[in-house]
Structure formats: structure tokens, C-alpha cells
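As C-alpha cells, the structure follows; a few thoughts come after it.
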Amino acid sequence: MDHLFAYGTLADPEVLKKIIGRAVAPTPDKLHGYQYKDTMVVVDGEFYPGIEECEELSVDGVVYDIYQEELSLIDQYEGGIYKRKRVRLESNIDAFVYIPDHID
């Protein structure tokens, strides 16, 4: 089983349930070294949140336990606009997070 750190739309358990087809309980966690921006990504005139590296800041979010095959469904949902990256959370959990594709 893998872990997913979510900070935006995916932090809503109902959104995640629609994507992967099952309910997953969120656990609050934090990602240090990144900052959150509400309007980092624009698609067809709509704004979506994103994160980028910023040593002094951190991002509040939730972590989910996710099966590998569910990550593929989430990849499809993110539509190539976000890419998956492995990070270490405040809780010391290694998790995947989705960041805007143009950010490293």
C-alpha cells in the first residue's frame, strides 16, 4: 500500500471516492518545504491549486492509504497537468503528492 498526500481538491474524501470508487479516511498531515497557491494552475480559464518548493513554508493537507492501481486512476484524473512526486511528510511517512507539471 502507498500513501497519498492531498492539499487541494483531492483533500476532499468525496472527490477521492468518486475517482477510485471507495471511501478512504483522511489523516491530517503537513508537508514542509513547500507553499500552497490557490491559483497556480489555469485550465480553460479555471484556476486550480498547486504547490511549489519554498524552504521556509509548509502545506497542510491530509494523507490517505492508497493502492498502487488507484494511483493510476488518480493520474488519469490529474490529466497530465500535475505530476506525481514522492515526498516525506511531517509524520515521517513517505507519500506521493501531485504538483503542477511545470514545477520541479
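By convention in this document, the chains of the C-alpha cells carry letters A, B, ... by their order, each chain's residues are numbered from 1, and ligands are numbered from 1 in the order they are shown.
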
Exercise. Thr27 in chain A: which residues within 7 Å, counting only C-alpha atoms, same-chain residues fewer than 2 positions away excluded, as JSON, numbers by chain?
Worked result: {"A": [25, 29, 62, 63, 64]}

For this session: Write out as a ChimeraX atom specification which residues come within 12 Å of range 48-60 of chain A when counting only C-alpha atoms, dropping same-chain ones fewer than 6 positions away.
Result: /A:5-11,27-42,78,81-83,85,87,89-91,97-104

Could you turn the residues from that selection into a file that holds C-alpha atoms, as a compact mmCIF listing (two decimals), in the first residue's frame?
```txt
# COMPACT_ATOMS: atom_id res chain seq x y z
CA PHE A 5 -0.69 13.49 0.46
CA ALA A 6 -3.51 15.75 -0.71
CA TYR A 7 -3.80 19.52 -0.23
CA GLY A 8 -6.39 20.71 -2.76
CA THR A 9 -9.34 19.10 -4.50
CA LEU A 10 -8.13 15.60 -3.60
CA ALA A 11 -8.18 16.50 0.11
CA THR A 27 -5.46 11.76 8.30
CA PRO A 28 -4.18 15.34 8.78
CA ASP A 29 -0.51 15.82 7.98
CA LYS A 30 1.91 18.50 6.81
CA LEU A 31 4.47 18.83 4.01
CA HIS A 32 7.44 21.04 4.90
CA GLY A 33 9.46 22.92 2.30
CA TYR A 34 6.53 23.78 0.02
CA GLN A 35 4.00 26.57 -0.31
CA TYR A 36 0.37 26.40 -1.39
CA LYS A 37 -1.12 28.69 -4.03
CA ASP A 38 -4.83 28.78 -4.91
CA THR A 39 -4.29 29.87 -8.50
CA MET A 40 -1.12 28.09 -9.60
CA VAL A 41 -2.71 26.17 -12.47
CA VAL A 42 -5.09 27.53 -15.12
CA GLU A 78 -4.98 14.82 -12.87
CA ILE A 81 -1.50 18.77 -15.60
CA TYR A 82 0.00 17.52 -12.35
CA LYS A 83 2.79 15.02 -11.87
CA LYS A 85 6.30 13.09 -6.74
CA VAL A 87 7.93 13.30 -0.53
CA LEU A 89 5.73 14.26 5.45
CA GLU A 90 5.94 15.75 8.94
CA SER A 91 4.67 12.41 10.31
CA VAL A 97 1.92 14.25 -3.85
CA TYR A 98 0.71 15.83 -7.08
CA ILE A 99 2.46 19.04 -8.09
CA PRO A 100 1.90 21.15 -11.21
CA ASP A 101 3.78 19.56 -14.11
CA HIS A 102 5.79 22.69 -14.83
CA ILE A 103 7.21 22.73 -11.25
CA ASP A 104 10.13 20.53 -10.09
```

Could you pull out the residues in range 17-74 of chain A that DSSP calls alpha helix (DSSP H) from the backbone, as a PDB file with N, CA and C atoms, in the first residue's frame?
```pdb
ATOM      1  N   LYS A  17     -13.262   9.536  -3.451  1.00  0.00           N
ATOM      2  CA  LYS A  17     -14.147   8.375  -3.576  1.00  0.00           C
ATOM      3  C   LYS A  17     -14.704   8.249  -4.993  1.00  0.00           C
ATOM      4  N   LYS A  18     -15.053   9.378  -5.617  1.00  0.00           N
ATOM      5  CA  LYS A  18     -15.557   9.349  -6.995  1.00  0.00           C
ATOM      6  C   LYS A  18     -14.494   8.877  -7.978  1.00  0.00           C
ATOM      7  N   ILE A  19     -13.239   9.156  -7.673  1.00  0.00           N
ATOM      8  CA  ILE A  19     -12.146   8.789  -8.575  1.00  0.00           C
ATOM      9  C   ILE A  19     -11.785   7.312  -8.444  1.00  0.00           C
ATOM     10  N   ILE A  20     -11.634   6.836  -7.199  1.00  0.00           N
ATOM     11  CA  ILE A  20     -11.117   5.475  -7.000  1.00  0.00           C
ATOM     12  C   ILE A  20     -12.201   4.453  -6.666  1.00  0.00           C
ATOM     13  N   GLN A  68      -1.718   0.795  -5.237  1.00  0.00           N
ATOM     14  CA  GLN A  68      -0.961   1.179  -6.435  1.00  0.00           C
ATOM     15  C   GLN A  68      -1.876   1.384  -7.641  1.00  0.00           C
ATOM     16  N   GLU A  69      -2.818   0.479  -7.853  1.00  0.00           N
ATOM     17  CA  GLU A  69      -3.699   0.607  -9.019  1.00  0.00           C
ATOM     18  C   GLU A  69      -4.597   1.845  -8.923  1.00  0.00           C
ATOM     19  N   GLU A  70      -4.878   2.302  -7.709  1.00  0.00           N
ATOM     20  CA  GLU A  70      -5.669   3.531  -7.529  1.00  0.00           C
ATOM     21  C   GLU A  70      -4.873   4.771  -7.923  1.00  0.00           C
ATOM     22  N   LEU A  71      -3.556   4.714  -7.748  1.00  0.00           N
ATOM     23  CA  LEU A  71      -2.720   5.839  -8.179  1.00  0.00           C
ATOM     24  C   LEU A  71      -2.850   6.063  -9.685  1.00  0.00           C
ATOM     25  N   SER A  72      -2.992   4.992 -10.442  1.00  0.00           N
ATOM     26  CA  SER A  72      -3.182   5.129 -11.892  1.00  0.00           C
ATOM     27  C   SER A  72      -4.486   5.864 -12.208  1.00  0.00           C
ATOM     28  N   LEU A  73      -5.533   5.583 -11.443  1.00  0.00           N
ATOM     29  CA  LEU A  73      -6.811   6.295 -11.634  1.00  0.00           C
ATOM     30  C   LEU A  73      -6.665   7.779 -11.298  1.00  0.00           C
ATOM     31  N   ILE A  74      -5.906   8.067 -10.259  1.00  0.00           N
ATOM     32  CA  ILE A  74      -5.691   9.469  -9.872  1.00  0.00           C
ATOM     33  C   ILE A  74      -4.827  10.171 -10.914  1.00  0.00           C
TER      34      ILE A  74
END
```

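Going from CA of Ile93 in chain A to CA of Met1 in chain A covers 12.2 Å.
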
For this session: Enumerate as a VMD selection string all residues of chain A assigned to strand (DSSP E) by DSSP on the backbone, naming them with the chain letters and numbers the document uses.
Result: chain A and resid 2 to 6 27 to 43 46 to 66 82 to 88 94 to 100

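For the atom pair formed by CA of Gly61 in chain A and CA of Gly45 in chain A, the distance is 25.3 Å, given to one decimal.
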
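Ranking A:Glu46, A:Gly80, A:Ala95, A:Pro13 by their shortest atom-to-atom distance to Tyr67 in chain A, with only C-alpha atoms included, puts A:Ala95 first.
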